[in-house]
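Participant: protein.pdb is reproduced below (PDB, C-alpha atoms).
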ATOM      1  CA  MET A  27       0.000   0.000   0.000
ATOM      2  CA  VAL A  28       1.350   3.415  -0.903
ATOM      3  CA  LEU A  29       0.178   6.553   0.884
ATOM      4  CA  SER A  30       1.177  10.212   0.779
ATOM      5  CA  ILE A  31       2.836  11.717   3.833
ATOM      6  CA  TRP A  32       1.367  15.102   3.054
ATOM      7  CA  GLY A  33      -2.243  15.970   3.885
ATOM      8  CA  CYS A  34      -4.770  16.752   1.177
ATOM      9  CA  SER A  35      -5.037  20.417   0.270
ATOM     10  CA  SER A  36      -8.345  22.296   0.452
ATOM     11  CA  THR A  37     -10.525  22.298  -2.644
ATOM     12  CA  ASP A  38     -11.789  25.809  -1.910
ATOM     13  CA  HIS A  39     -10.599  28.381  -4.442
ATOM     14  CA  VAL A  40      -8.184  30.914  -2.958
ATOM     15  CA  GLU A  41      -6.614  33.722  -4.939
ATOM     16  CA  PRO A  42      -2.863  33.060  -4.953
ATOM     17  CA  PRO A  43      -0.661  35.760  -3.448
ATOM     18  CA  LYS A  44       1.326  37.862  -5.859
ATOM     19  CA  GLN A  45       4.698  37.329  -4.180
ATOM     20  CA  SER A  46       6.649  34.218  -5.146
ATOM     21  CA  LEU A  47       6.281  31.254  -2.818
ATOM     22  CA  PRO A  48       9.040  28.867  -1.721
ATOM     23  CA  PRO A  49       8.844  25.486  -3.431
ATOM     24  CA  LYS A  50       6.846  22.854  -1.614
ATOM     25  CA  PRO A  51       8.819  19.968  -0.121
ATOM     26  CA  GLU A  52       8.744  16.821  -2.179
ATOM     27  CA  PRO A  53       6.077  14.425  -0.846
ATOM     28  CA  ALA A  54       7.374  11.023   0.218
ATOM     29  CA  SER A  55       5.457   7.896  -0.691
ATOM     30  CA  LEU A  56       4.961   5.559   2.263
ATOM     31  CA  ILE A  57       5.066   1.791   1.930
ATOM     32  CA  LEU A  58       3.397  -0.543   4.413
ATOM     33  CA  ALA A  59       4.186  -4.171   5.128
ATOM     34  CA  THR A  60       1.893  -6.628   6.839
ATOM     35  CA  PRO A  61       2.841  -6.360  10.544
ATOM     36  CA  LEU A  62       4.840  -9.364  11.697
ATOM     37  CA  GLN A  63       2.951 -11.931  13.765
ATOM     38  CA  VAL A  64       4.205 -14.422  16.318
ATOM     39  CA  SER A  65       5.449 -17.399  14.346
ATOM     40  CA  TYR A  66       4.679 -21.046  14.992
ATOM     41  CA  GLN A  67       8.403 -21.623  15.488
ATOM     42  CA  SER A  68       8.544 -19.034  18.279
ATOM     43  CA  GLU A  69       5.491 -20.474  20.021
ATOM     44  CA  LEU A  70       6.951 -23.963  19.767
ATOM     45  CA  ALA A  71      10.318 -22.758  21.112
ATOM     46  CA  LEU A  72       8.669 -21.099  24.115
ATOM     47  CA  ALA A  73       6.699 -24.257  24.906
ATOM     48  CA  ARG A  74       9.763 -26.479  24.525
ATOM     49  CA  LEU A  75      12.009 -24.258  26.663
ATOM     50  CA  GLY A  76       9.355 -23.964  29.357
ATOM     51  CA  GLN A  77       8.982 -27.731  29.483
ATOM     52  CA  MET A  78      12.732 -28.259  29.715
ATOM     53  CA  LEU A  79      13.041 -25.756  32.563
ATOM     54  CA  SER A  80      10.211 -27.317  34.559
ATOM     55  CA  GLU A  81      10.831 -31.025  33.972
ATOM     56  CA  MET A  82      14.541 -31.643  33.434
ATOM     57  CA  GLU A  83      17.352 -32.029  35.958
ATOM     58  CA  LEU A  84      19.677 -29.165  35.054
ATOM     59  CA  THR A  85      22.890 -27.643  36.311
ATOM     60  CA  LYS A  86      22.946 -23.920  37.156
ATOM     61  CA  GLU A  87      24.845 -23.319  33.912
ATOM     62  CA  GLN A  88      22.224 -25.167  31.870
ATOM     63  CA  ARG A  89      19.342 -23.368  33.586
ATOM     64  CA  ALA A  90      21.005 -20.021  32.895
ATOM     65  CA  GLU A  91      21.378 -20.864  29.206
ATOM     66  CA  LEU A  92      17.751 -21.971  28.896
ATOM     67  CA  PHE A  93      16.439 -18.912  30.705
ATOM     68  CA  TYR A  94      18.526 -16.771  28.354
ATOM     69  CA  GLU A  95      17.263 -18.587  25.250
ATOM     70  CA  ARG A  96      13.654 -18.226  26.348
ATOM     71  CA  ALA A  97      14.202 -14.550  27.161
ATOM     72  CA  VAL A  98      15.526 -13.946  23.642
ATOM     73  CA  VAL A  99      12.387 -15.535  22.173
ATOM     74  CA  PHE A 100      10.149 -13.499  24.499
ATOM     75  CA  ASP A 101      12.000 -10.387  23.350
ATOM     76  CA  ARG A 102      11.606 -11.303  19.685
ATOM     77  CA  VAL A 103       7.816 -11.544  20.012
ATOM     78  CA  GLY A 104       7.486  -8.348  22.049
ATOM     79  CA  LEU A 105       6.908  -9.842  25.523
ATOM     80  CA  ARG A 106       9.555  -7.675  27.113
ATOM     81  CA  SER A 107       8.470  -7.952  30.751
ATOM     82  CA  LEU A 108       8.712 -11.740  30.538
ATOM     83  CA  ALA A 109      12.008 -11.421  28.684
ATOM     84  CA  ARG A 110      13.496  -9.177  31.346
ATOM     85  CA  LEU A 111      12.337 -11.578  34.061
ATOM     86  CA  ASP A 112      14.109 -14.485  32.350
ATOM     87  CA  PHE A 113      17.283 -12.462  31.748
ATOM     88  CA  THR A 114      17.310 -11.676  35.473
ATOM     89  CA  ARG A 115      16.820 -15.380  36.262
ATOM     90  CA  ALA A 116      19.708 -16.228  33.945
ATOM     91  CA  LEU A 117      21.945 -13.825  35.866
ATOM     92  CA  ARG A 118      20.833 -15.331  39.153
ATOM     93  CA  GLU A 119      21.989 -18.732  37.924
ATOM     94  CA  LYS A 120      25.101 -17.412  36.182
ATOM     95  CA  PRO A 121      26.297 -14.026  37.537
ATOM     96  CA  ASP A 122      28.989 -13.709  34.847
ATOM     97  CA  PHE A 123      26.519 -13.844  31.925
ATOM     98  CA  ALA A 124      27.648 -10.849  29.822
ATOM     99  CA  GLU A 125      24.918 -11.159  27.180
ATOM    100  CA  ALA A 126      22.194 -11.071  29.823
ATOM    101  CA  TYR A 127      23.664  -7.894  31.328
ATOM    102  CA  ASN A 128      23.613  -6.356  27.841
ATOM    103  CA  PHE A 129      19.897  -7.070  27.380
ATOM    104  CA  ILE A 130      19.051  -5.801  30.864
ATOM    105  CA  GLY A 131      20.899  -2.594  30.013
ATOM    106  CA  VAL A 132      18.851  -2.122  26.841
ATOM    107  CA  TYR A 133      15.598  -2.439  28.800
ATOM    108  CA  LEU A 134      16.839   0.073  31.368
ATOM    109  CA  VAL A 135      17.592   2.573  28.580
ATOM    110  CA  GLN A 136      14.053   2.159  27.252
ATOM    111  CA  GLN A 137      12.802   2.970  30.750
ATOM    112  CA  GLN A 138      15.193   5.967  30.859
ATOM    113  CA  ASN A 139      17.033   4.548  33.886
ATOM    114  CA  TYR A 140      20.346   5.596  32.430
ATOM    115  CA  ASP A 141      22.602   5.246  35.476
ATOM    116  CA  GLU A 142      21.485   1.650  36.047
ATOM    117  CA  ALA A 143      21.865   0.978  32.319
ATOM    118  CA  TYR A 144      25.481   2.213  32.402
ATOM    119  CA  GLU A 145      26.180  -0.182  35.269
ATOM    120  CA  ALA A 146      24.670  -3.110  33.361
ATOM    121  CA  PHE A 147      26.751  -2.387  30.248
ATOM    122  CA  ASP A 148      29.861  -1.843  32.383
ATOM    123  CA  SER A 149      29.302  -5.302  33.875
ATOM    124  CA  ALA A 150      28.910  -6.821  30.407
ATOM    125  CA  LEU A 151      32.120  -5.216  29.186
ATOM    126  CA  GLU A 152      34.028  -6.135  32.325
ATOM    127  CA  LEU A 153      33.114  -9.758  31.682
ATOM    128  CA  ALA A 154      33.590  -9.570  27.880
ATOM    129  CA  PRO A 155      35.868  -6.628  26.936
ATOM    130  CA  ASP A 156      35.505  -7.297  23.193
ATOM    131  CA  TYR A 157      31.688  -7.450  23.225
ATOM    132  CA  ASP A 158      30.992  -5.024  20.350
ATOM    133  CA  TYR A 159      27.250  -4.672  20.877
ATOM    134  CA  ALA A 160      27.683  -3.756  24.523
ATOM    135  CA  TYR A 161      29.738  -0.774  23.307
ATOM    136  CA  LEU A 162      26.968   0.180  20.893
ATOM    137  CA  ASN A 163      24.248  -0.147  23.498
ATOM    138  CA  ARG A 164      26.220   1.717  26.150
ATOM    139  CA  GLY A 165      26.898   4.393  23.543
ATOM    140  CA  ILE A 166      23.180   4.671  22.782
ATOM    141  CA  ALA A 167      22.460   4.904  26.528
ATOM    142  CA  LEU A 168      24.977   7.736  26.791
ATOM    143  CA  TYR A 169      23.467   9.376  23.695
ATOM    144  CA  TYR A 170      19.979   9.444  25.213
ATOM    145  CA  GLY A 171      21.460  10.301  28.601
ATOM    146  CA  ASN A 172      22.913  13.515  27.093
ATOM    147  CA  ARG A 173      26.559  12.532  27.432
ATOM    148  CA  PRO A 174      27.497  12.869  23.746
ATOM    149  CA  ASP A 175      31.288  12.849  24.127
ATOM    150  CA  LEU A 176      31.246   9.459  25.863
ATOM    151  CA  ALA A 177      28.537   8.223  23.471
ATOM    152  CA  ALA A 178      30.652   9.080  20.435
ATOM    153  CA  SER A 179      33.664   7.320  21.967
ATOM    154  CA  ASP A 180      31.769   4.068  22.577
ATOM    155  CA  ILE A 181      29.997   4.060  19.223
ATOM    156  CA  LYS A 182      33.248   4.843  17.412
ATOM    157  CA  ARG A 183      34.773   1.725  18.926
ATOM    158  CA  PHE A 184      31.728  -0.236  17.723
ATOM    159  CA  PHE A 185      32.079   1.327  14.253
ATOM    160  CA  GLU A 186      35.788   0.503  13.999
ATOM    161  CA  ALA A 187      35.090  -3.205  14.526
ATOM    162  CA  GLU A 188      33.120  -3.283  11.237
ATOM    163  CA  PRO A 189      33.326   0.028   9.347
ATOM    164  CA  GLU A 190      31.623  -1.460   6.274
ATOM    165  CA  ASP A 191      28.325  -1.567   8.181
ATOM    166  CA  PRO A 192      26.197   1.489   7.254
ATOM    167  CA  TYR A 193      24.210   1.306  10.514
ATOM    168  CA  ARG A 194      27.430   1.809  12.453
ATOM    169  CA  VAL A 195      28.165   4.829  10.269
ATOM    170  CA  LEU A 196      24.699   6.236  10.998
ATOM    171  CA  TRP A 197      24.833   5.791  14.759
ATOM    172  CA  LEU A 198      28.301   7.293  14.914
ATOM    173  CA  PHE A 199      26.996  10.278  12.957
ATOM    174  CA  LEU A 200      24.030  10.682  15.330
ATOM    175  CA  ALA A 201      26.376  10.711  18.316
ATOM    176  CA  GLU A 202      28.940  13.029  16.736
ATOM    177  CA  ALA A 203      26.236  15.408  15.500
ATOM    178  CA  LYS A 204      25.435  16.284  19.125
ATOM    179  CA  LEU A 205      28.992  17.586  19.439
ATOM    180  CA  ASP A 206      29.456  19.275  16.052
ATOM    181  CA  ALA A 207      26.848  18.713  13.334
ATOM    182  CA  ASP A 208      28.953  20.039  10.453
ATOM    183  CA  GLN A 209      32.023  18.005  11.382
ATOM    184  CA  ALA A 210      29.863  14.926  11.923
ATOM    185  CA  LYS A 211      28.524  15.223   8.386
ATOM    186  CA  ARG A 212      32.024  15.612   6.966
ATOM    187  CA  ASN A 213      33.114  12.516   8.878
ATOM    188  CA  MET A 214      30.133  10.586   7.556
ATOM    189  CA  ARG A 215      30.958  11.628   4.001
ATOM    190  CA  GLU A 216      34.525  10.366   4.391
ATOM    191  CA  ARG A 217      33.353   7.044   5.810
ATOM    192  CA  TYR A 218      30.778   6.668   3.068
ATOM    193  CA  GLU A 219      33.334   7.301   0.306
ATOM    194  CA  LYS A 220      35.718   4.805   1.849
ATOM    195  CA  TYR A 221      33.412   1.931   2.761
ATOM    196  CA  HIS A 222      30.149   2.037   0.801
ATOM    197  CA  ASP A 223      29.049  -0.626  -1.644
ATOM    198  CA  SER A 224      25.860  -1.399  -3.592
ATOM    199  CA  SER A 225      23.876  -2.632  -0.559
ATOM    200  CA  TRP A 226      20.477  -0.940  -0.244
ATOM    201  CA  ASN A 227      21.042   0.145   3.354
ATOM    202  CA  TRP A 228      23.801   2.539   2.310
ATOM    203  CA  ASP A 229      20.874   4.550   0.915
ATOM    204  CA  LEU A 230      20.127   5.535   4.509
ATOM    205  CA  VAL A 231      23.545   7.155   4.706
ATOM    206  CA  ARG A 232      22.991   8.813   1.313
ATOM    207  CA  LEU A 233      19.754  10.250   2.675
ATOM    208  CA  TYR A 234      21.577  11.887   5.578
ATOM    209  CA  LEU A 235      24.260  13.178   3.229
ATOM    210  CA  GLY A 236      21.597  14.810   1.062
ATOM    211  CA  ASP A 237      22.416  12.634  -1.949
ATOM    212  CA  LEU A 238      18.985  10.991  -1.897
ATOM    213  CA  THR A 239      15.466  12.297  -1.302
ATOM    214  CA  PRO A 240      12.977  10.448   0.915
ATOM    215  CA  THR A 241      10.951   9.536  -2.189
ATOM    216  CA  GLN A 242      14.002   8.033  -3.884
ATOM    217  CA  LEU A 243      14.843   6.170  -0.702
ATOM    218  CA  MET A 244      11.372   4.642  -0.445
ATOM    219  CA  GLY A 245      11.551   3.600  -4.089
ATOM    220  CA  ASN A 246      14.763   1.699  -3.406
ATOM    221  CA  VAL A 247      13.581   0.018  -0.194
ATOM    222  CA  ILE A 248      11.369  -2.471  -2.042
ATOM    223  CA  LYS A 249      13.986  -3.482  -4.615
ATOM    224  CA  GLY A 250      14.884  -7.150  -4.370
ATOM    225  CA  VAL A 251      12.430  -7.819  -1.539
ATOM    226  CA  LYS A 252      10.619 -11.172  -1.853
ATOM    227  CA  GLU A 253       9.367 -11.868   1.678
ATOM    228  CA  ASN A 254       7.092  -9.761   3.876
ATOM    229  CA  ARG A 255       9.500 -10.159   6.823
ATOM    230  CA  ASP A 256      12.324  -8.625   4.805
ATOM    231  CA  LEU A 257      10.107  -5.706   3.851
ATOM    232  CA  ALA A 258       8.906  -5.199   7.427
ATOM    233  CA  GLU A 259      12.495  -5.157   8.702
ATOM    234  CA  ARG A 260      13.624  -2.699   6.050
ATOM    235  CA  LEU A 261      10.686  -0.409   6.727
ATOM    236  CA  CYS A 262      11.260  -0.487  10.478
ATOM    237  CA  GLU A 263      14.805   0.719   9.928
ATOM    238  CA  THR A 264      13.946   3.201   7.192
ATOM    239  CA  TYR A 265      11.105   4.915   9.040
ATOM    240  CA  PHE A 266      13.151   5.204  12.226
ATOM    241  CA  TYR A 267      16.024   6.986  10.481
ATOM    242  CA  LEU A 268      13.600   9.168   8.540
ATOM    243  CA  GLY A 269      12.063  10.097  11.892
ATOM    244  CA  LYS A 270      15.437  11.001  13.357
ATOM    245  CA  LEU A 271      16.211  13.135  10.309
ATOM    246  CA  GLU A 272      12.913  15.013  10.507
ATOM    247  CA  LEU A 273      13.352  15.516  14.235
ATOM    248  CA  ALA A 274      16.788  17.035  13.648
ATOM    249  CA  LYS A 275      15.160  19.472  11.203
ATOM    250  CA  GLY A 276      12.586  20.462  13.825
ATOM    251  CA  ASN A 277       9.708  18.768  12.003
ATOM    252  CA  ARG A 278       8.076  17.241  15.057
ATOM    253  CA  LYS A 279       4.816  16.057  13.487
ATOM    254  CA  GLU A 280       6.569  14.322  10.603
ATOM    255  CA  ALA A 281       9.005  12.687  13.031
ATOM    256  CA  ILE A 282       6.141  11.339  15.150
ATOM    257  CA  SER A 283       4.505   9.831  12.064
ATOM    258  CA  TYR A 284       7.705   8.112  10.993
ATOM    259  CA  PHE A 285       8.410   6.703  14.462
ATOM    260  CA  LYS A 286       4.877   5.298  14.611
ATOM    261  CA  LEU A 287       5.371   3.733  11.188
ATOM    262  CA  ALA A 288       8.608   2.130  12.415
ATOM    263  CA  LEU A 289       6.668   0.572  15.289
ATOM    264  CA  ALA A 290       3.839  -0.603  13.028
ATOM    265  CA  ASN A 291       5.936  -3.402  11.547
ATOM    266  CA  ASN A 292       6.250  -5.274  14.889
ATOM    267  CA  VAL A 293       9.970  -5.958  14.441
ATOM    268  CA  TYR A 294      10.379  -5.995  18.202
ATOM    269  CA  ASP A 295      14.006  -7.129  18.365
ATOM    270  CA  PHE A 296      15.404  -4.370  16.122
ATOM    271  CA  ILE A 297      17.008  -1.432  17.902
ATOM    272  CA  GLU A 298      15.079   0.876  15.580
ATOM    273  CA  HIS A 299      11.820  -0.472  17.007
ATOM    274  CA  ARG A 300      13.076  -0.164  20.585
ATOM    275  CA  TYR A 301      14.209   3.416  20.206
ATOM    276  CA  ALA A 302      11.303   4.602  18.056
ATOM    277  CA  LEU A 303       9.173   3.907  21.125
ATOM    278  CA  LEU A 304      11.647   5.783  23.329
ATOM    279  CA  GLU A 305      11.727   8.735  20.918
ATOM    280  CA  LEU A 306       7.942   9.019  21.062
ATOM    281  CA  ASP A 307       7.993   8.891  24.857
ATOM    282  CA  LEU A 308      10.685  11.571  25.047
ATOM    283  CA  MET A 309       8.743  13.836  22.694
ATOM    284  CA  SER A 310       5.550  13.311  24.672
ATOM    285  CA  ARG A 311       7.281  14.163  27.946
ATOM    286  CA  LYS A 312       8.907  17.224  26.457
ATOM    287  CA  ARG A 313       5.562  18.466  25.202
ATOM    288  CA  GLN A 314       3.915  17.771  28.570
ATOM    289  CA  ASN A 315       6.677  19.636  30.415
ATOM    290  CA  SER A 316       6.259  22.571  28.041
ATOM    291  CA  THR A 317       2.502  22.560  28.666
ATOM    292  CA  ASP A 318       3.030  22.454  32.431
ATOM    293  CA  VAL A 319       5.433  25.409  32.289
ATOM    294  CA  SER A 320       2.959  27.430  30.195
ATOM    295  CA  ALA A 321       0.146  26.620  32.621
ATOM    296  CA  LYS A 322       2.231  27.780  35.583
ATOM    297  CA  LYS A 323       3.058  31.039  33.816
ATOM    298  CA  GLN A 324      -0.605  31.640  33.041
ATOM    299  CA  ALA A 325      -1.551  30.906  36.649
ATOM    300  CA  SER A 326       0.998  33.393  37.958
ATOM    301  CA  ILE A 327      -0.328  36.270  35.829
TER     302      ILE A 327
END
Show this structure as structure tokens.
Facilitator:
Amino acid sequence: MVLSIWGCSSTDHVEPPKQSLPPKPEPASLILATPLQVSYQSELALARLGQMLSEMELTKEQRAELFYERAVVFDRVGLRSLARLDFTRALREKPDFAEAYNFIGVYLVQQQNYDEAYEAFDSALELAPDYDYAYLNRGIALYYGNRPDLAASDIKRFFEAEPEDPYRVLWLFLAEAKLDADQAKRNMRERYEKYHDSSWNWDLVRLYLGDLTPTQLMGNVIKGVKENRDLAERLCETYFYLGKLELAKGNRKEAISYFKLALANNVYDFIEHRYALLELDLMSRKRQNSTDVSAKKQASI
């Protein structure tokens, strides 16, 4: 299904003003996938893991692994409270479980408990110093916790482990842009020129560089896609980064629409889905705080 992001104009006749008008922004066509549903395989895995945990004689190590596996499945299907409970159980059985600390940290970021999230990621990295994704997730926690210098440092380390990955280029740009937007864009251009290939997801970087319009990007997203899951995953990523771009431009309403579209695909285990929800919550809180301040000013008059 293809929709227009721009609202319909009025059909009432209005005499156009004599002065020249700025050109209208190019409308972006929106593509929708069928939202992902819980698969039979996931349901079967949850049933099997639950049975093993309740009926088998297991060592603490084995119980920790099974709790972790079940938590990952819970997370994949969007049952995050149950997932967090099982990750915590895994840590109780195996206190040196770095991957479980990493997941707990991600959930704490989504709840905006940044200090506790830093501690969880620190524990993961203390146990596994080369755990790349713990650096990314700690960097994202620092990014949302308004500590951009530390965020850029962590995400740069994540980027350097695989610089050919366009998502690492994007997240490093987002972190660096909080420090110096112009320099961040120059850095992104250099990384793009050095590492890009023909993969479709480099189009996301081209979008941020201004080499591609949103309409062109959406036209490329569907190329080569044969399965609905692939389309849903691509759209989750694409709409999230479009939302971040619009938010950076100050286009709040457009950003909200894109973040909601990112969520609509139900790709629960993608970081773009996780943080689209956080972005919406942050925007809602900011608006509520602004409303509260205005109300207090009015009351004091």
Participant: Residues at most 9 Å from A:Gln63, counting all atoms listed in the file, excluding those fewer than 2 positions away in the same chain, as a PyMOL selection string?
Facilitator: chain A and resi 60-61+65+103+292
Participant: Let me make sure I understand: among A:Glu142, A:Glu202, A:Asp101, A:Glu91, which one has the smallest atom-to-atom distance to A:Lys120 if we use all atoms listed in the file?
Facilitator: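 Closest to A:Lys120, using all atoms listed in the file: A:Glu91.
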Participant: Would you list the residues near (22.8, 4.2, 28.7), meaning any protein, DNA or RNA residue with an atom at most 12 Å from that point in file coordinates, counting all atoms listed in the file, as a PyMOL selection string?
Facilitator: chain A and resi 128-148+160-174+176-177+180-181
Participant: List, as a PyMOL selection string, every residue that the PyMOL selection byres ((chain A and resi 208-219) around 8) selects in the file provided.
Facilitator: chain A and resi 189+195-196+199-200+202-203+206-207+220-222+231+235
Participant: For the provided coordinates, the residues matched by the PyMOL selection byres ((chain A and resi 93-96) around 8) should be stated as JSON, numbers by chain.
Facilitator: {"A": [71, 72, 75, 76, 79, 89, 90, 91, 92, 97, 98, 99, 100, 109, 112, 113, 115, 116, 126]}
Participant: Name all residues at most 12 Å from stretch 275-280 of chain A (count only C-alpha atoms; drop same-chain ones fewer than 2 positions away) and give them as an MDAnalysis selection string.
Facilitator: chainID A and resid 30:33 53:54 207 234 265:273 282:287 305:306 308:310 312:313
Participant: So what do you get for atom CA of A:Leu230 versus atom CA of A:Tyr157, distance-wise?
Facilitator: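 Spanning atom CA of A:Leu230 to atom CA of A:Tyr157 is a straight-line distance of 25.5 Å.
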Participant: Which residue, A:Asn227, A:Ser179, A:Ser55, A:Asn291, has the smallest gap to A:Val247 when you use all atoms listed in the file?
Facilitator: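 Among the listed residues, A:Asn227 lies closest to A:Val247.
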Participant: Just stretch 281-297 of chain A from the block, N, CA and C atoms, as a compact mmCIF listing (two decimals), in the first residue's frame, could you?
Facilitator:
# COMPACT_ATOMS: atom_id res chain seq x y z
N ALA A 281 8.20 13.65 12.29
CA ALA A 281 9.00 12.69 13.03
C ALA A 281 8.11 11.70 13.78
N ILE A 282 7.07 12.21 14.42
CA ILE A 282 6.14 11.34 15.15
C ILE A 282 5.52 10.31 14.21
N SER A 283 5.11 10.76 13.03
CA SER A 283 4.50 9.83 12.06
C SER A 283 5.48 8.74 11.65
N TYR A 284 6.71 9.10 11.40
CA TYR A 284 7.70 8.11 10.99
C TYR A 284 8.00 7.12 12.12
N PHE A 285 8.13 7.61 13.35
CA PHE A 285 8.41 6.70 14.46
C PHE A 285 7.26 5.71 14.66
N LYS A 286 6.04 6.20 14.50
CA LYS A 286 4.88 5.30 14.61
C LYS A 286 4.88 4.27 13.49
N LEU A 287 5.29 4.68 12.30
CA LEU A 287 5.37 3.73 11.19
C LEU A 287 6.46 2.69 11.44
N ALA A 288 7.55 3.09 12.07
CA ALA A 288 8.61 2.13 12.41
C ALA A 288 8.07 1.07 13.38
N LEU A 289 7.25 1.50 14.32
CA LEU A 289 6.67 0.57 15.29
C LEU A 289 5.63 -0.35 14.65
N ALA A 290 4.96 0.13 13.61
CA ALA A 290 3.84 -0.60 13.03
C ALA A 290 4.22 -1.95 12.43
N ASN A 291 5.51 -2.16 12.19
CA ASN A 291 5.94 -3.40 11.55
C ASN A 291 6.13 -4.56 12.53
N ASN A 292 6.11 -4.25 13.84
CA ASN A 292 6.25 -5.27 14.89
C ASN A 292 7.58 -6.02 14.84
N VAL A 293 8.64 -5.32 14.44
CA VAL A 293 9.97 -5.96 14.44
C VAL A 293 10.59 -5.66 15.81
N TYR A 294 10.11 -6.35 16.82
CA TYR A 294 10.38 -5.99 18.20
C TYR A 294 11.86 -6.05 18.57
N ASP A 295 12.62 -6.94 17.95
CA ASP A 295 14.01 -7.13 18.36
C ASP A 295 14.99 -6.23 17.62
N PHE A 296 14.52 -5.33 16.79
CA PHE A 296 15.40 -4.37 16.12
C PHE A 296 15.57 -3.14 17.02
N ILE A 297 16.79 -2.61 17.06
CA ILE A 297 17.01 -1.43 17.90
C ILE A 297 16.18 -0.25 17.41
